[in-house]
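Student: Got a structure for you, questions after.
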2 protein chains.
Amino acid sequence: MAEKLEGNMLIAQSGGPTMVINQSLVGAVIEARKHPAIKGVFGSLHAIQGVLDGNFVDMRKETPANLEKVAATPSSALGSARKKPSADDCRRIFANLAKNNVRYFFYIGGNDSAEATHIINEEAQKADYAFRCFHIPKTIDNDLKENDHTPGFASAARFVACAVMGDNLDNRALPGVKIDVVMGRNAGFLTAASALARVYPDDGPHLIYLPERTFSFDRFIADVQEVYARHKRCVIAVSEGISDEKGEAIASKFSKEVDSHGNKQLSGTGALGDVLAAEIRARTPITRVRADTFGYLQRSFPGMVSEVDAREARAVGAEAVKLAISGIESGSVAIRRKPGKKYRAYYECVPLRNVARETRHVPDSFMAESGNDVTPAFLDYIRPLVGRLPGIGRLKAAPLGRK
Amino acid sequence: MAEKLEGNMLIAQSGGPTMVINQSLVGAVIEARKHPAIKGVFGSLHAIQGVLDGNFVDMRKETPANLEKVAATPSSALGSARKKPSADDCRRIFANLAKNNVRYFFYIGGNDSAEATHIINEEAQKADYAFRCFHIPKTIDNDLKENDHTPGFASAARFVACAVMGDNLDNRALPGVKIDVVMGRNAGFLTAASALARVYPDDGPHLIYLPERTFSFDRFIADVQEVYARHKRCVIAVSEGISDEKGEAIASKFSKEVDSHGNKQLSGTGALGDVLAAEIRARTPITRVRADTFGYLQRSFPGMVSEVDAREARAVGAEAVKLAISGIESGSVAIRRKPGKKYRAYYECVPLRNVARETRHVPDSFMAESGNDVTPAFLDYIRPLVGRLPGIGRLKAAPLGRK
């Protein structure tokens, strides 16, 4: 057997936090500490920024007990960044990795992070630097290619399902129209997860709008009126990323900030919900119209973790280290699902470029023909990921009639 | 011993739902079913509206198992209403109660509901109608006179504490200014509860604004800049009810709807958060500024119940029935706290008029001199109500210095 590549390891967390991103960090660190070839185990503070600045912490100093506490804590313990590294940044990053004898590099993040990992790996190859370079998947948007689903998604989906479940009960007690705006710029998986909130046949969400379908205000108003006529109330789950026929996000018309990827900031404002509510007030006789934007709560809420999500997030972190130690040079760990009724996942190493940049969308088979709902196939797909939701009761006695 | 008053019982749920209002309903119904003097046990659908319309359900038809399921479900199982009954409504309500031989009337709600209960009771007295008439406390705002705290508050506080705890972790990973808008028109107890989110000394919320103190934009901007200079980030909890020096709610300047009590609707819109965020962007060099409005999630989220809250909400429901059966004619069940280190509550019957209409505010002893924080006395007050919060971990190793 060939000798193992010896040197230091660096791990970083990028992009939006999730409830289980620290599971992946801890999974990788605990696995790394088992292998003598890996010398220093460093964490980079604030993602790529920490690599650029050489701002590291020594992950060997953490006790197993504290690592477990961190693993169970939402949001990125090492800090994150939204910075998209330029080609020049990538050269500086690689130079800093080489200077610190980093031979094992792990980057936890979404498709932008996979792309950065890919570029850094290419720099290492150009320099003929012996290097192991892995992307560890993470995103609540569930939009990574090659993956059945991504770590972070199921816990965020659990939050959204519970939130809409509660909101549906609230709306049933005090009827009106309620709009819930859910995260997801380009992929509607998280908004689709709101369908899990339904327990009884007349439960909301009654309408679900995903960014994969063109949003029309006329159609929206007609849908709301139809539901309201039937149920005397209406709960709506809408993605922050819904777009008009030109592909422009409705929310971006009211947004102030642009991120480093050139995208208008859609989260962290209640504007989209307010615009949709105003439209209903203006164009229908319905008076009680409310909108809530779930915002950052859906990605960082403590105590809402899906067990499957936590387990898999831990596993993909450990898996990346095992692959690197086994001699594979680079890749991304993808989560796949075994066929069959019982849910079982497995992990596969896929080329970095397969996961980089591109977005996976909600497939047609998961979206209803109506354009405002999901299909049973989507529910079959998501149920085992999210796990058992809180039980919901209803009074069963029929009304006594006018007394 | 005098004979018990015989007749039917009617119970209703009013105002904004809470996570434990069904505990009070079920507590009263289970207690009522023990007493032979109480014949029919009816629930009124949609609060006062159901009493006006004679729209009842038979609560004797519910199985104990289903009642337990309902008790554990957030929001008002009987439906609610925001209708404020006029004097004429109260006469009609009383006429309908008498027509249905309702001798035991229980109304679960806030101070407006206590007032309605009081007026209905006065109608019964005028008519010399033998009647037992009780208000059962409920409000996430914690603003009922005579009560140490109110059912519904602790579970909503638990949600707010968890939400800000997660948000603080998110803000620590991706630094910037984060504003969280919390419910509470006139009383800031729920916003104050955000202070429970702090685990480490530099944790947010760094600033807390309650409606009990005049809100000044200049002061706000200065506070944010001071915190940002110290921590390079800032998490802010702000009540939807914050008001200017004229007493006008800041949010009401951007609100469209007026409720039946003549109040401008403050919830169900993200406008206040967006206005505060815009102000920070305009008047400071800080670029990453986000706002979330917790909205209806904080009162109806399943699986977030405080155990103490659930137990007490059940108890006040049962207690009201016991008081009525014991021969007391009317009152409201108030929650009091026994002195001493260990938390213990007890229940007392207080006159309806003592709880009606007026609002209890956050006392000065709970608010810091600075005008932007709570005191340790407030934390001592709230901790036993909310219970143990999810554990939060942090990496402990010190940075390695520039590598």
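Identifiers in the structure tokens: chain A, B, ... in order shown; residue index from 1 per chain; ligand index from 1 in order shown.
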Mind checking DSSP for segment 113-192 of chain A and telling me the strand (DSSP E or B) residues as JSON, numbers by chain?
Tutor: {"A": [132, 133, 134, 135, 136, 137, 177, 178, 179, 180, 181, 182]}
Student: Show me, as a PyMOL selection string, the residues that have an atom within 6 Å of Arg360 of chain B when counting only C-alpha atoms, minus same-chain residues fewer than 4 positions from it.
Tutor: chain B and resi 143-145
Student: Using only C-alpha atoms, find the residues of chain B whose closest atom to chain A is at most 7 Å away, then write them as an NGL selection string.
Tutor: :B and (17 or 53-58 or 61-62 or 66 or 69-70 or 73-77 or 79-81 or 100 or 162-163 or 166-167 or 169-170 or 172-174 or 268-271 or 274 or 290-293 or 295-297 or 300-303 or 390 or 392-403)
Student: Let me make sure I understand: among B:Ile328, B:Val182, B:Ile93, B:Ala229, which one has the smallest atom-to-atom distance to Ala130 of chain B if we use only C-alpha atoms?
Tutor: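 Looking only at the distances to Ala130 of chain B, the closest residue turns out to be B:Ile328.
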Student: Point out the residue among B:His149, B:His35, B:Arg357, B:Lys342 with the least atom-to-atom distance to Ala114 of chain B, counting only C-alpha atoms.
Tutor: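 Checking each candidate against Ala114 of chain B, we get B:Arg357 as the closest.
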Student: Could you list, as a VMD selection string, every residue within 9 Å of segment 311-325 of chain B, counting only C-alpha atoms and ignoring same-chain residues fewer than 2 positions away?
Tutor: chain B and resid 4 to 5 20 to 32 35 37 to 38 71 104 106 108 132 to 138 150 to 152 306 to 309 327 to 335 345 347 to 349
Student: Do a neighbour search on Val224 of chain A at 12 Å with only C-alpha atoms, toss out local chain neighbours closer than 2 positions, and write the hits as a ChimeraX atom specification.
Tutor: /A:176-179,205-209,217-222,226-237,276-277,279-281,283-286,289,372
Student: Write a file of the just-selected residues containing C-alpha atoms, as an mmCIF file, in the first residue's frame.
Tutor:
data_model
loop_
_atom_site.group_PDB
_atom_site.id
_atom_site.type_symbol
_atom_site.label_atom_id
_atom_site.label_comp_id
_atom_site.auth_asym_id
_atom_site.auth_seq_id
_atom_site.Cartn_x
_atom_site.Cartn_y
_atom_site.Cartn_z
ATOM 1 C CA GLY A 176 -58.469 35.445 6.411
ATOM 2 C CA VAL A 177 -55.678 35.221 3.870
ATOM 3 C CA LYS A 178 -52.224 34.431 5.205
ATOM 4 C CA ILE A 179 -49.086 34.577 3.050
ATOM 5 C CA PRO A 205 -51.140 25.593 2.667
ATOM 6 C CA HIS A 206 -53.907 25.852 0.082
ATOM 7 C CA LEU A 207 -51.601 27.398 -2.506
ATOM 8 C CA ILE A 208 -47.856 26.835 -3.045
ATOM 9 C CA TYR A 209 -45.827 28.963 -5.480
ATOM 10 C CA PHE A 217 -50.380 38.292 -10.374
ATOM 11 C CA ASP A 218 -53.641 37.685 -12.277
ATOM 12 C CA ARG A 219 -53.402 33.952 -11.787
ATOM 13 C CA PHE A 220 -52.465 34.443 -8.127
ATOM 14 C CA ILE A 221 -55.510 36.615 -7.431
ATOM 15 C CA ALA A 222 -57.806 34.131 -9.201
ATOM 16 C CA GLU A 226 -61.160 30.368 -5.648
ATOM 17 C CA VAL A 227 -59.716 28.990 -2.386
ATOM 18 C CA TYR A 228 -61.350 31.719 -0.308
ATOM 19 C CA ALA A 229 -64.754 30.960 -1.816
ATOM 20 C CA ARG A 230 -64.336 27.282 -0.845
ATOM 21 C CA HIS A 231 -62.757 27.525 2.628
ATOM 22 C CA LYS A 232 -63.504 31.134 3.694
ATOM 23 C CA ARG A 233 -59.781 31.361 4.354
ATOM 24 C CA CYS A 234 -56.521 30.789 2.502
ATOM 25 C CA VAL A 235 -52.952 29.947 3.585
ATOM 26 C CA ILE A 236 -50.302 30.535 0.927
ATOM 27 C CA ALA A 237 -46.660 29.421 0.870
ATOM 28 C CA LEU A 276 -48.588 40.302 -2.349
ATOM 29 C CA ALA A 277 -50.863 41.221 0.575
ATOM 30 C CA GLU A 279 -52.351 43.176 -4.214
ATOM 31 C CA ILE A 280 -54.997 40.953 -2.602
ATOM 32 C CA ARG A 281 -56.412 43.889 -0.621
ATOM 33 C CA ARG A 283 -58.106 43.459 -6.082
ATOM 34 C CA THR A 284 -60.462 41.406 -3.882
ATOM 35 C CA PRO A 285 -63.080 42.218 -1.217
ATOM 36 C CA ILE A 286 -61.040 40.240 1.366
ATOM 37 C CA VAL A 289 -54.793 39.737 4.791
ATOM 38 C CA ASN A 372 -49.872 26.053 -7.303
#
Student: As a compact mmCIF listing (two decimals) with N, CA and C atoms, in the first residue's frame, which residues of segment 53-275 of chain B does DSSP assign to helix (DSSP H, G or I)?
Tutor:
# COMPACT_ATOMS: atom_id res chain seq x y z
N ASP B 53 -74.73 33.88 17.45
CA ASP B 53 -75.43 33.07 16.45
C ASP B 53 -76.00 31.77 17.02
N MET B 59 -69.39 19.41 23.68
CA MET B 59 -68.07 18.99 24.17
C MET B 59 -68.15 17.68 24.96
N ARG B 60 -69.36 17.21 25.23
CA ARG B 60 -69.48 15.89 25.89
C ARG B 60 -69.20 14.76 24.89
N LYS B 61 -69.30 15.06 23.62
CA LYS B 61 -69.10 14.03 22.60
C LYS B 61 -67.63 13.74 22.34
N PRO B 64 -61.85 11.43 25.82
CA PRO B 64 -60.70 11.95 26.57
C PRO B 64 -59.42 11.94 25.73
N ALA B 65 -59.23 10.89 24.93
CA ALA B 65 -58.00 10.81 24.11
C ALA B 65 -57.94 11.95 23.11
N ASN B 66 -59.08 12.24 22.47
CA ASN B 66 -59.05 13.34 21.50
C ASN B 66 -58.90 14.69 22.20
N LEU B 67 -59.51 14.83 23.38
CA LEU B 67 -59.33 16.08 24.12
C LEU B 67 -57.84 16.31 24.43
N GLU B 68 -57.12 15.24 24.78
CA GLU B 68 -55.69 15.39 25.07
C GLU B 68 -54.92 15.81 23.82
N LYS B 69 -55.32 15.27 22.68
CA LYS B 69 -54.67 15.63 21.42
C LYS B 69 -54.91 17.11 21.12
N VAL B 70 -56.15 17.55 21.34
CA VAL B 70 -56.50 18.96 21.11
C VAL B 70 -55.72 19.85 22.09
N ALA B 71 -55.63 19.41 23.34
CA ALA B 71 -54.94 20.23 24.36
C ALA B 71 -53.50 20.50 23.95
N ALA B 87 -72.88 47.08 23.42
CA ALA B 87 -73.84 46.91 24.53
C ALA B 87 -75.04 46.10 24.03
N ASP B 88 -75.45 46.40 22.79
CA ASP B 88 -76.57 45.67 22.20
C ASP B 88 -76.23 44.19 21.99
N ASP B 89 -74.98 43.96 21.48
CA ASP B 89 -74.50 42.57 21.33
C ASP B 89 -74.59 41.84 22.67
N CYS B 90 -74.15 42.51 23.74
CA CYS B 90 -74.12 41.87 25.05
C CYS B 90 -75.52 41.48 25.51
N ARG B 91 -76.51 42.31 25.20
CA ARG B 91 -77.89 41.95 25.53
C ARG B 91 -78.32 40.71 24.74
N ARG B 92 -77.98 40.70 23.45
CA ARG B 92 -78.33 39.54 22.61
C ARG B 92 -77.62 38.28 23.09
N ILE B 93 -76.35 38.47 23.47
CA ILE B 93 -75.57 37.32 23.97
C ILE B 93 -76.25 36.76 25.21
N PHE B 94 -76.58 37.65 26.13
CA PHE B 94 -77.21 37.19 27.36
C PHE B 94 -78.55 36.51 27.07
N ALA B 95 -79.31 37.08 26.16
CA ALA B 95 -80.61 36.48 25.80
C ALA B 95 -80.41 35.06 25.26
N ASN B 96 -79.37 34.88 24.48
CA ASN B 96 -79.11 33.56 23.90
C ASN B 96 -78.62 32.56 24.96
N LEU B 97 -77.87 33.07 25.91
CA LEU B 97 -77.42 32.21 27.01
C LEU B 97 -78.63 31.73 27.81
N ALA B 98 -79.52 32.67 28.14
CA ALA B 98 -80.70 32.34 28.93
C ALA B 98 -81.61 31.37 28.17
N LYS B 99 -81.77 31.63 26.88
CA LYS B 99 -82.61 30.77 26.04
C LYS B 99 -82.11 29.33 26.06
N ASN B 111 -57.65 41.02 28.11
CA ASN B 111 -58.40 42.01 28.89
C ASN B 111 -59.69 42.45 28.21
N ASP B 112 -59.72 42.45 26.88
CA ASP B 112 -60.98 42.76 26.18
C ASP B 112 -62.03 41.69 26.47
N SER B 113 -61.58 40.44 26.53
CA SER B 113 -62.50 39.35 26.82
C SER B 113 -62.99 39.42 28.27
N ALA B 114 -62.10 39.84 29.16
CA ALA B 114 -62.51 40.01 30.56
C ALA B 114 -63.60 41.08 30.66
N GLU B 115 -63.44 42.11 29.85
CA GLU B 115 -64.45 43.19 29.85
C GLU B 115 -65.79 42.67 29.32
N ALA B 116 -65.75 41.92 28.23
CA ALA B 116 -66.99 41.36 27.68
C ALA B 116 -67.65 40.45 28.71
N THR B 117 -66.84 39.63 29.39
CA THR B 117 -67.38 38.73 30.42
C THR B 117 -68.07 39.54 31.52
N HIS B 118 -67.41 40.64 31.90
CA HIS B 118 -67.95 41.52 32.95
C HIS B 118 -69.31 42.10 32.54
N ILE B 119 -69.41 42.56 31.30
CA ILE B 119 -70.66 43.17 30.83
C ILE B 119 -71.78 42.12 30.76
N ILE B 120 -71.44 40.94 30.26
CA ILE B 120 -72.44 39.86 30.18
C ILE B 120 -72.92 39.50 31.59
N ASN B 121 -72.01 39.48 32.53
CA ASN B 121 -72.37 39.16 33.91
C ASN B 121 -73.32 40.22 34.50
N GLU B 122 -73.05 41.48 34.13
CA GLU B 122 -73.93 42.55 34.61
C GLU B 122 -75.34 42.42 34.04
N GLU B 123 -75.43 42.01 32.77
CA GLU B 123 -76.73 41.76 32.15
C GLU B 123 -77.50 40.68 32.92
N ALA B 124 -76.77 39.61 33.31
CA ALA B 124 -77.40 38.51 34.05
C ALA B 124 -77.90 39.00 35.40
N GLN B 125 -77.11 39.85 36.05
CA GLN B 125 -77.51 40.37 37.36
C GLN B 125 -78.76 41.24 37.24
N LYS B 126 -78.75 42.10 36.20
CA LYS B 126 -79.92 42.97 35.97
C LYS B 126 -81.19 42.12 35.80
N PHE B 153 -48.01 33.18 27.41
CA PHE B 153 -46.82 34.02 27.36
C PHE B 153 -45.54 33.19 27.34
N ALA B 154 -45.41 32.24 28.25
CA ALA B 154 -44.14 31.53 28.39
C ALA B 154 -43.78 30.72 27.14
N SER B 155 -44.79 30.16 26.47
CA SER B 155 -44.49 29.39 25.24
C SER B 155 -44.08 30.34 24.12
N ALA B 156 -44.76 31.47 24.00
CA ALA B 156 -44.36 32.46 23.00
C ALA B 156 -42.96 32.99 23.32
N ALA B 157 -42.69 33.20 24.60
CA ALA B 157 -41.37 33.67 25.03
C ALA B 157 -40.30 32.64 24.68
N ARG B 158 -40.66 31.37 24.81
CA ARG B 158 -39.75 30.29 24.46
C ARG B 158 -39.42 30.34 22.96
N PHE B 159 -40.45 30.58 22.16
CA PHE B 159 -40.21 30.71 20.72
C PHE B 159 -39.27 31.89 20.44
N VAL B 160 -39.58 33.03 21.04
CA VAL B 160 -38.77 34.24 20.79
C VAL B 160 -37.32 34.01 21.24
N ALA B 161 -37.14 33.40 22.40
CA ALA B 161 -35.79 33.15 22.90
C ALA B 161 -35.02 32.23 21.95
N CYS B 162 -35.66 31.15 21.49
CA CYS B 162 -35.00 30.22 20.56
C CYS B 162 -34.70 30.92 19.23
N ALA B 163 -35.64 31.69 18.74
CA ALA B 163 -35.47 32.37 17.45
C ALA B 163 -34.28 33.33 17.51
N VAL B 164 -34.21 34.12 18.58
CA VAL B 164 -33.11 35.10 18.69
C VAL B 164 -31.79 34.37 18.97
N MET B 165 -31.85 33.27 19.69
CA MET B 165 -30.66 32.46 19.93
C MET B 165 -30.07 31.97 18.59
N GLY B 166 -30.93 31.46 17.74
CA GLY B 166 -30.48 31.00 16.42
C GLY B 166 -30.01 32.16 15.57
N ASP B 167 -30.72 33.25 15.65
CA ASP B 167 -30.39 34.42 14.86
C ASP B 167 -29.06 35.02 15.28
N ASN B 168 -28.80 34.98 16.57
CA ASN B 168 -27.51 35.48 17.06
C ASN B 168 -26.37 34.62 16.51
N LEU B 169 -26.58 33.31 16.45
CA LEU B 169 -25.56 32.41 15.90
C LEU B 169 -25.36 32.69 14.41
N ASP B 170 -26.46 32.93 13.72
CA ASP B 170 -26.41 33.23 12.29
C ASP B 170 -25.64 34.54 12.07
N ASN B 171 -25.95 35.52 12.87
CA ASN B 171 -25.30 36.84 12.77
C ASN B 171 -23.82 36.77 13.14
N ARG B 172 -23.48 35.85 14.02
CA ARG B 172 -22.07 35.68 14.40
C ARG B 172 -21.30 35.07 13.23
N ALA B 173 -21.95 34.18 12.47
CA ALA B 173 -21.30 33.54 11.32
C ALA B 173 -21.17 34.51 10.14
N PHE B 189 -43.17 42.58 27.29
CA PHE B 189 -42.68 41.36 27.94
C PHE B 189 -42.08 40.36 26.93
N LEU B 190 -42.76 40.19 25.81
CA LEU B 190 -42.32 39.17 24.85
C LEU B 190 -41.00 39.58 24.19
N THR B 191 -40.88 40.85 23.88
CA THR B 191 -39.61 41.34 23.32
C THR B 191 -38.50 41.19 24.36
N ALA B 192 -38.83 41.51 25.60
CA ALA B 192 -37.85 41.39 26.69
C ALA B 192 -37.34 39.94 26.81
N ALA B 193 -38.22 38.98 26.51
CA ALA B 193 -37.86 37.57 26.62
C ALA B 193 -36.70 37.19 25.70
N SER B 194 -36.46 38.00 24.68
CA SER B 194 -35.34 37.73 23.78
C SER B 194 -34.02 37.68 24.53
N ALA B 195 -33.95 38.36 25.68
CA ALA B 195 -32.71 38.38 26.48
C ALA B 195 -32.30 36.97 26.91
N LEU B 196 -33.27 36.04 26.96
CA LEU B 196 -32.95 34.65 27.33
C LEU B 196 -32.04 33.99 26.30
N ALA B 197 -31.92 34.59 25.12
CA ALA B 197 -31.10 34.00 24.05
C ALA B 197 -29.61 34.08 24.35
N PHE B 217 -35.28 57.64 16.94
CA PHE B 217 -34.42 57.16 15.85
C PHE B 217 -32.97 57.55 16.08
N ASP B 218 -32.75 58.79 16.59
CA ASP B 218 -31.36 59.24 16.81
C ASP B 218 -30.67 58.35 17.83
N ARG B 219 -31.37 58.09 18.91
CA ARG B 219 -30.82 57.25 19.96
C ARG B 219 -30.54 55.84 19.44
N PHE B 220 -31.48 55.33 18.65
CA PHE B 220 -31.37 54.00 18.06
C PHE B 220 -30.10 53.89 17.20
N ILE B 221 -29.91 54.86 16.32
CA ILE B 221 -28.74 54.84 15.42
C ILE B 221 -27.45 54.91 16.25
N ALA B 222 -27.45 55.75 17.28
CA ALA B 222 -26.25 55.87 18.13
C ALA B 222 -25.98 54.54 18.85
N ASP B 223 -27.04 53.90 19.36
CA ASP B 223 -26.89 52.60 20.04
C ASP B 223 -26.29 51.56 19.09
N VAL B 224 -26.84 51.49 17.87
CA VAL B 224 -26.39 50.49 16.90
C VAL B 224 -24.92 50.72 16.57
N GLN B 225 -24.54 51.96 16.37
CA GLN B 225 -23.14 52.27 16.02
C GLN B 225 -22.20 51.89 17.16
N GLU B 226 -22.64 52.13 18.37
CA GLU B 226 -21.82 51.81 19.54
C GLU B 226 -21.60 50.30 19.63
N VAL B 227 -22.69 49.53 19.49
CA VAL B 227 -22.57 48.06 19.55
C VAL B 227 -21.72 47.54 18.39
N TYR B 228 -21.95 48.09 17.22
CA TYR B 228 -21.24 47.62 16.03
C TYR B 228 -19.74 47.87 16.15
N ALA B 229 -19.39 49.00 16.74
CA ALA B 229 -17.96 49.32 16.94
C ALA B 229 -17.33 48.29 17.87
N ARG B 230 -18.08 47.82 18.84
CA ARG B 230 -17.55 46.89 19.84
C ARG B 230 -17.50 45.45 19.32
N HIS B 231 -18.59 45.00 18.67
CA HIS B 231 -18.70 43.58 18.31
C HIS B 231 -18.58 43.32 16.80
N ILE B 250 -44.60 53.57 15.85
CA ILE B 250 -43.83 53.78 14.62
C ILE B 250 -44.45 52.95 13.48
N ALA B 251 -44.80 51.70 13.80
CA ALA B 251 -45.34 50.78 12.78
C ALA B 251 -46.67 51.27 12.22
N SER B 252 -47.45 51.99 13.03
CA SER B 252 -48.79 52.38 12.59
C SER B 252 -48.72 53.37 11.43
N LYS B 253 -47.59 54.06 11.28
CA LYS B 253 -47.43 55.00 10.17
C LYS B 253 -47.39 54.27 8.82
N PHE B 254 -47.12 52.93 8.88
CA PHE B 254 -46.98 52.17 7.65
C PHE B 254 -48.05 51.09 7.54
N ALA B 271 -43.17 45.77 7.59
CA ALA B 271 -42.85 47.19 7.34
C ALA B 271 -41.94 47.80 8.41
N LEU B 272 -42.23 47.56 9.69
CA LEU B 272 -41.44 48.20 10.74
C LEU B 272 -39.97 47.80 10.64
N GLY B 273 -39.72 46.51 10.48
CA GLY B 273 -38.34 46.03 10.36
C GLY B 273 -37.65 46.66 9.16
N ASP B 274 -38.36 46.75 8.06
CA ASP B 274 -37.77 47.32 6.84
C ASP B 274 -37.46 48.81 7.02
N VAL B 275 -38.34 49.52 7.74
CA VAL B 275 -38.11 50.95 7.99
C VAL B 275 -36.87 51.14 8.87
Student: What does the distance from atom CA of Ala127 of chain A to atom CA of Gly109 of chain A come to in Å, to one decimal?
Tutor: 24.9 Å
Student: What is the distance, in Å and to one decimal place, between atom CA of Ala310 of chain B and atom CA of Tyr381 of chain B?
Tutor: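 Taking atom CA of Ala310 of chain B and atom CA of Tyr381 of chain B, their separation equals 17.7 Å.
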